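*Asks:* My questions all concern the structure below.
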Amino acid sequence: MQSQPSQSPGASTNANASASAPAPVLDVEQAEAALVEHYPRLVRLAYLVLPPSLGRNRRVLTAHALTQRALPRGRKSGTAVAIPSQQRGGGPHLRDPGYAYVRLQVVRGALDAGLPLTWKALPRRAQLPPLLPQVRGLRLFPRAGGADELALDQRLAKLSGPARAAYVLRGLEGLDDAGVCTVLTAAGCDDVDDALDEADEVEARYALLASPEFDPCSLQARPTDLMRRRQHMKAAGVAALATLVCGALLGMPGEGWGPDGAAAPPYARNPAAQAALDPGQLTVATTSAWKRSARTDFSVWPARGNLTGDRELLRRALAVWARPGGTVQVSATPGTPS
């Protein structure tokens with residue numbers, strides 16, 4: 001802890017020097033190859049950086065989702081993608097531009113997932129439950145480790161997201177402070193020095209990061225709350241049945257929104273109005289009634305056409321005539337009832 005002040009200036013100097021160098025480029029195919037080859041390592045990195053408050057099941061699924069979304073979107077194969085300069089030490093994978101790019105996306109997504117939701121800003125994609133992958137009816141979590149792994153997980157849970165990422169990048173990736181500063185700065189961290197100082201407060205037990213306790217690719221499965229799930233299924237079934245019954249009742253003829261009642265307000269439903277809906281009680285004028293009648297209106301004019309016997313059409317017409325709704329325009333000769 002006493003050597004940290006002497007490390008920070010050197011880390012900043014190295015970071016500035018590496019930032020001034022030309023940024024390497026990569027093809028999307030190169031990034032995809034790095035993602036497939038180092039998928040377990042990247043998922044473990046995301047799992048360790050994610051806040052433990054998410055719970056082990058959601059933490060596992062989110063780690064896989066963030067890793068699977070690490071590839072560039074909307075870019076065709078062969079397009080160059082600029083990435084920030086990375087630490088050149090360590091294993092061969094650390095010097096691979098494709099791995100450096102997808103690792104940066106994983107760290108950035110894991111840090112975003114740890115941000116609290118607020119009403120002042122729209123949630124970021126990483127803050128929401130992942131759409132894929134999804135597991136129904138099971139809870140997945142890594143195999144349990146020993147007391148040392150549990151103590152380290154509890155200690156990391158008390159760190160901020162950037163500090164937890166700094167610790168994991170040091171221990172799992174083998175980056176020095178310059179490399180950690182480069183990755184965190186590119187991931188959008190505002191105060192990298194504070195993150196490094198906070199990470200220094202945790203004992204450097206980096207070998208434990210490779211434990212099965214933190215391996216989200218080697219999982220155990222257990223059922224969810226069976227009683228609660230059964231209650232939810234029953235409630236969903238009752239709600240679906242009630243929706244079907246209400247829809248059937250509203251669509252029945254003569255009741256609700258059927259063709260016989262579409263124009264009828266509720267207060268107009270009385271025995272006289274119901275009797276007026278029977279097409280069989282209609283009086284049909286004879287073909288010669290207009291010749292002998294003193295009236296010259298439609299009451300004595302014979303009905304003609306192919307639809308004179310269409311009882312459904314006549315019933316709908318009678319419903320509008322006997323029980324006009326608010327959308328029906330009614331006109332009458334002055335001095336006569338409508």
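Going through the structure tokens in order, the chains are called A, B, and so on, while each chain numbers its residues from 1 and the ligands are numbered from 1 in the order shown.
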Near Glu149 in chain A, counting only C-alpha atoms, which residues have an atom at most 7 Å away, once you skip same-chain residues fewer than 4 positions from it, shown as JSON, numbers by chain?
*Replies:* {"A": [145, 153, 208, 213]}
*Asks:* Run DSSP on the backbone and grab whatever in range 38-285 of chain A lands in helix (DSSP H, G or I); send it over as a PyMOL selection string.
*Replies:* chain A and resi 39-49+52-54+56-68+92-95+97-113+125-127+147-157+161-171+177-186+192-200+206-210+212-214+226-250+266-268+271-275+279-281
*Asks:* Would you work out the distance separating CA of Ala46 in chain A from CA of Asp27 in chain A, expressed in Å to one decimal?
*Replies:*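 So the answer is 22.9 Å.
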*Asks:* Residues near Pro72 in chain A, anyone? I mean within 10 Å using only C-alpha atoms, not counting same-chain ones fewer than 6 positions away, as a PDB file with all heavy atoms, in the first residue's frame.
*Replies:*
```pdb
ATOM      1  N   ASP A  27     -10.516  -6.834 -37.570  1.00  0.00           N
ATOM      2  CA  ASP A  27     -11.700  -7.193 -38.332  1.00  0.00           C
ATOM      3  C   ASP A  27     -12.733  -7.805 -37.387  1.00  0.00           C
ATOM      4  O   ASP A  27     -12.392  -8.327 -36.329  1.00  0.00           O
ATOM      5  CB  ASP A  27     -11.351  -8.189 -39.429  1.00  0.00           C
ATOM      6  CG  ASP A  27     -10.460  -7.575 -40.494  1.00  0.00           C
ATOM      7  OD1 ASP A  27     -10.536  -6.352 -40.697  1.00  0.00           O
ATOM      8  OD2 ASP A  27      -9.683  -8.335 -41.087  1.00  0.00           O
ATOM      9  N   VAL A  28     -13.985  -7.728 -37.813  1.00  0.00           N
ATOM     10  CA  VAL A  28     -15.041  -8.323 -37.003  1.00  0.00           C
ATOM     11  C   VAL A  28     -14.824  -9.828 -36.868  1.00  0.00           C
ATOM     12  O   VAL A  28     -15.085 -10.413 -35.816  1.00  0.00           O
ATOM     13  CB  VAL A  28     -16.413  -8.010 -37.625  1.00  0.00           C
ATOM     14  CG1 VAL A  28     -17.523  -8.692 -36.850  1.00  0.00           C
ATOM     15  CG2 VAL A  28     -16.653  -6.519 -37.664  1.00  0.00           C
ATOM     16  N   ALA A  31     -12.432 -10.376 -34.058  1.00  0.00           N
ATOM     17  CA  ALA A  31     -13.079 -10.239 -32.747  1.00  0.00           C
ATOM     18  C   ALA A  31     -13.951 -11.447 -32.436  1.00  0.00           C
ATOM     19  O   ALA A  31     -13.994 -11.932 -31.295  1.00  0.00           O
ATOM     20  CB  ALA A  31     -13.909  -8.957 -32.719  1.00  0.00           C
ATOM     21  N   GLU A  32     -14.653 -11.968 -33.430  1.00  0.00           N
ATOM     22  CA  GLU A  32     -15.493 -13.139 -33.207  1.00  0.00           C
ATOM     23  C   GLU A  32     -14.647 -14.356 -32.853  1.00  0.00           C
ATOM     24  O   GLU A  32     -15.005 -15.155 -31.972  1.00  0.00           O
ATOM     25  CB  GLU A  32     -16.331 -13.424 -34.447  1.00  0.00           C
ATOM     26  CG  GLU A  32     -17.284 -14.599 -34.289  1.00  0.00           C
ATOM     27  CD  GLU A  32     -18.106 -14.856 -35.534  1.00  0.00           C
ATOM     28  OE1 GLU A  32     -17.830 -14.219 -36.568  1.00  0.00           O
ATOM     29  OE2 GLU A  32     -19.014 -15.694 -35.479  1.00  0.00           O
ATOM     30  N   VAL A  81     -12.088  -1.785 -37.073  1.00  0.00           N
ATOM     31  CA  VAL A  81     -12.641  -1.208 -35.853  1.00  0.00           C
ATOM     32  C   VAL A  81     -11.475  -0.755 -34.989  1.00  0.00           C
ATOM     33  O   VAL A  81     -10.621  -1.562 -34.628  1.00  0.00           O
ATOM     34  CB  VAL A  81     -13.511  -2.224 -35.087  1.00  0.00           C
ATOM     35  CG1 VAL A  81     -14.080  -1.594 -33.839  1.00  0.00           C
ATOM     36  CG2 VAL A  81     -14.621  -2.736 -35.984  1.00  0.00           C
ATOM     37  N   TYR A 101     -10.508  -5.935 -27.697  1.00  0.00           N
ATOM     38  CA  TYR A 101     -11.756  -5.223 -27.999  1.00  0.00           C
ATOM     39  C   TYR A 101     -12.943  -5.845 -27.259  1.00  0.00           C
ATOM     40  O   TYR A 101     -13.720  -5.137 -26.608  1.00  0.00           O
ATOM     41  CB  TYR A 101     -12.018  -5.242 -29.503  1.00  0.00           C
ATOM     42  CG  TYR A 101     -13.312  -4.582 -29.879  1.00  0.00           C
ATOM     43  CD1 TYR A 101     -13.407  -3.209 -30.019  1.00  0.00           C
ATOM     44  CD2 TYR A 101     -14.473  -5.338 -30.056  1.00  0.00           C
ATOM     45  CE1 TYR A 101     -14.607  -2.597 -30.339  1.00  0.00           C
ATOM     46  CE2 TYR A 101     -15.664  -4.743 -30.374  1.00  0.00           C
ATOM     47  CZ  TYR A 101     -15.737  -3.372 -30.516  1.00  0.00           C
ATOM     48  OH  TYR A 101     -16.930  -2.780 -30.820  1.00  0.00           O
ATOM     49  N   VAL A 102     -13.119  -7.165 -27.379  1.00  0.00           N
ATOM     50  CA  VAL A 102     -14.276  -7.788 -26.734  1.00  0.00           C
ATOM     51  C   VAL A 102     -14.166  -7.700 -25.221  1.00  0.00           C
ATOM     52  O   VAL A 102     -15.174  -7.569 -24.516  1.00  0.00           O
ATOM     53  CB  VAL A 102     -14.430  -9.248 -27.207  1.00  0.00           C
ATOM     54  CG1 VAL A 102     -14.765  -9.308 -28.672  1.00  0.00           C
ATOM     55  CG2 VAL A 102     -13.174 -10.058 -26.932  1.00  0.00           C
ATOM     56  N   GLN A 105     -15.506  -4.352 -24.204  1.00  0.00           N
ATOM     57  CA  GLN A 105     -16.970  -4.302 -24.245  1.00  0.00           C
ATOM     58  C   GLN A 105     -17.578  -5.033 -23.060  1.00  0.00           C
ATOM     59  O   GLN A 105     -18.597  -4.596 -22.501  1.00  0.00           O
ATOM     60  CB  GLN A 105     -17.471  -4.929 -25.559  1.00  0.00           C
ATOM     61  CG  GLN A 105     -16.936  -4.270 -26.814  1.00  0.00           C
ATOM     62  CD  GLN A 105     -17.198  -2.777 -26.835  1.00  0.00           C
ATOM     63  OE1 GLN A 105     -18.317  -2.322 -26.558  1.00  0.00           O
ATOM     64  NE2 GLN A 105     -16.180  -1.998 -27.160  1.00  0.00           N
TER      65      GLN A 105
END
```
*Asks:* Contacts of range 298-302 of chain A at 6 Å or less, counting only C-alpha atoms, minus same-chain residues fewer than 4 places along, as a list of chain:residue names?
*Replies:*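 The residues satisfying every condition are A:Ala285, A:Thr286, A:Thr287, A:Ala289, A:Trp290.
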*Asks:* Just C-alpha atoms for this one: save the residues we selected as a short mmCIF file (atom, residue, chain, number, x, y, z; two decimals), in the first residue's frame.
*Replies:*
```
data_model
loop_
_atom_site.label_atom_id
_atom_site.label_comp_id
_atom_site.auth_asym_id
_atom_site.auth_seq_id
_atom_site.Cartn_x
_atom_site.Cartn_y
_atom_site.Cartn_z
CA ALA A 285 -97.73 -4.24 -48.26
CA THR A 286 -99.30 -5.93 -51.28
CA THR A 287 -98.23 -5.03 -54.77
CA ALA A 289 -101.92 -1.43 -52.02
CA TRP A 290 -100.60 1.93 -53.21
#
```
*Asks:* Need the shell around range 114-119 of chain A: protein/DNA/RNA residues with any atom at most 8 Å away, counting only C-alpha atoms. Skip same-chain ones fewer than 5 positions apart. Format as a list in words?
*Replies:*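 After dropping sequence-adjacent residues, the list is Leu50, Pro51, Gln127 and Gly161 of chain A.
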*Asks:* Where in range 60-241 of chain A does DSSP assign strand (DSSP E), given as an NGL selection string?
*Replies:* :A and (81-82 or 138-142 or 219-223)
*Asks:* Emit the selected residues as a CSV table (one decimal), in the first residue's frame, including all heavy atoms.
*Replies:*
```csv
chain,number,residue,atom,x,y,z
A,81,VAL,N,-12.1,-1.8,-37.1
A,81,VAL,CA,-12.6,-1.2,-35.9
A,81,VAL,C,-11.5,-0.8,-35.0
A,81,VAL,O,-10.6,-1.6,-34.6
A,81,VAL,CB,-13.5,-2.2,-35.1
A,81,VAL,CG1,-14.1,-1.6,-33.8
A,81,VAL,CG2,-14.6,-2.7,-36.0
A,82,ALA,N,-11.4,0.5,-34.6
A,82,ALA,CA,-10.3,1.0,-33.8
A,82,ALA,C,-10.6,0.7,-32.4
A,82,ALA,O,-11.7,0.7,-31.9
A,82,ALA,CB,-10.2,2.5,-34.0
A,138,LEU,N,-35.7,-23.0,-13.7
A,138,LEU,CA,-34.4,-23.5,-13.1
A,138,LEU,C,-33.6,-22.3,-12.6
A,138,LEU,O,-33.7,-21.2,-13.2
A,138,LEU,CB,-33.6,-24.3,-14.0
A,138,LEU,CG,-34.0,-25.7,-14.4
A,138,LEU,CD1,-33.1,-26.3,-15.4
A,138,LEU,CD2,-34.1,-26.6,-13.1
A,139,ARG,N,-32.9,-22.4,-11.6
A,139,ARG,CA,-31.9,-21.5,-11.1
A,139,ARG,C,-30.5,-22.0,-11.3
A,139,ARG,O,-30.3,-23.2,-10.9
A,139,ARG,CB,-32.2,-21.1,-9.6
A,139,ARG,CG,-33.5,-20.4,-9.4
A,139,ARG,CD,-33.6,-20.0,-8.0
A,139,ARG,NE,-32.6,-19.0,-7.7
A,139,ARG,CZ,-32.7,-17.7,-7.9
A,139,ARG,NH1,-33.8,-17.2,-8.5
A,139,ARG,NH2,-31.8,-16.8,-7.6
A,140,LEU,N,-29.6,-21.2,-11.9
A,140,LEU,CA,-28.3,-21.7,-12.2
A,140,LEU,C,-27.3,-20.9,-11.4
A,140,LEU,O,-27.4,-19.7,-11.3
A,140,LEU,CB,-28.0,-21.5,-13.7
A,140,LEU,CG,-29.0,-22.2,-14.7
A,140,LEU,CD1,-28.6,-21.9,-16.1
A,140,LEU,CD2,-28.9,-23.7,-14.5
A,141,PHE,N,-26.3,-21.5,-10.9
A,141,PHE,CA,-25.3,-20.9,-10.1
A,141,PHE,C,-24.0,-21.7,-10.1
A,141,PHE,O,-24.1,-22.9,-10.3
A,141,PHE,CB,-25.7,-20.6,-8.7
A,141,PHE,CG,-26.3,-21.8,-8.0
A,141,PHE,CD1,-25.5,-22.7,-7.3
A,141,PHE,CD2,-27.7,-22.0,-8.1
A,141,PHE,CE1,-26.1,-23.8,-6.7
A,141,PHE,CE2,-28.2,-23.2,-7.4
A,141,PHE,CZ,-27.4,-24.0,-6.7
A,142,PRO,N,-22.8,-21.1,-10.0
A,142,PRO,CA,-21.6,-21.8,-10.0
A,142,PRO,C,-21.5,-22.8,-8.8
A,142,PRO,O,-22.2,-22.6,-7.8
A,142,PRO,CB,-20.5,-20.8,-10.0
A,142,PRO,CG,-21.2,-19.5,-10.4
A,142,PRO,CD,-22.6,-19.6,-10.0
A,219,LEU,N,-21.9,-24.9,-14.1
A,219,LEU,CA,-23.0,-24.5,-13.3
A,219,LEU,C,-23.7,-25.7,-12.7
A,219,LEU,O,-23.7,-26.9,-13.1
A,219,LEU,CB,-24.0,-23.7,-14.1
A,219,LEU,CG,-23.5,-22.5,-14.8
A,219,LEU,CD1,-24.5,-21.9,-15.8
A,219,LEU,CD2,-23.1,-21.4,-13.8
A,220,GLN,N,-24.4,-25.4,-11.6
A,220,GLN,CA,-25.4,-26.3,-10.9
A,220,GLN,C,-26.8,-25.8,-11.2
A,220,GLN,O,-27.0,-24.6,-11.3
A,220,GLN,CB,-25.1,-26.4,-9.5
A,220,GLN,CG,-23.8,-27.1,-9.1
A,220,GLN,CD,-23.5,-27.3,-7.6
A,220,GLN,OE1,-24.0,-26.4,-6.9
A,220,GLN,NE2,-22.8,-28.3,-7.2
A,221,ALA,N,-27.8,-26.7,-11.2
A,221,ALA,CA,-29.1,-26.3,-11.5
A,221,ALA,C,-30.0,-26.8,-10.3
A,221,ALA,O,-29.9,-27.9,-9.8
A,221,ALA,CB,-29.6,-26.9,-12.8
A,222,ARG,N,-30.9,-25.9,-9.9
A,222,ARG,CA,-31.9,-26.1,-8.9
A,222,ARG,C,-33.2,-25.6,-9.3
A,222,ARG,O,-33.3,-24.6,-10.1
A,222,ARG,CB,-31.5,-25.5,-7.6
A,222,ARG,CG,-30.2,-26.1,-6.9
A,222,ARG,CD,-30.5,-27.6,-6.5
A,222,ARG,NE,-29.3,-28.1,-5.8
A,222,ARG,CZ,-28.3,-28.7,-6.4
A,222,ARG,NH1,-28.3,-28.8,-7.7
A,222,ARG,NH2,-27.3,-29.2,-5.7
A,223,PRO,N,-34.3,-26.1,-8.9
A,223,PRO,CA,-35.7,-25.6,-9.3
A,223,PRO,C,-35.9,-24.3,-8.6
A,223,PRO,O,-35.3,-23.9,-7.5
A,223,PRO,CB,-36.6,-26.7,-8.8
A,223,PRO,CG,-35.9,-27.3,-7.6
A,223,PRO,CD,-34.5,-27.3,-8.0
```
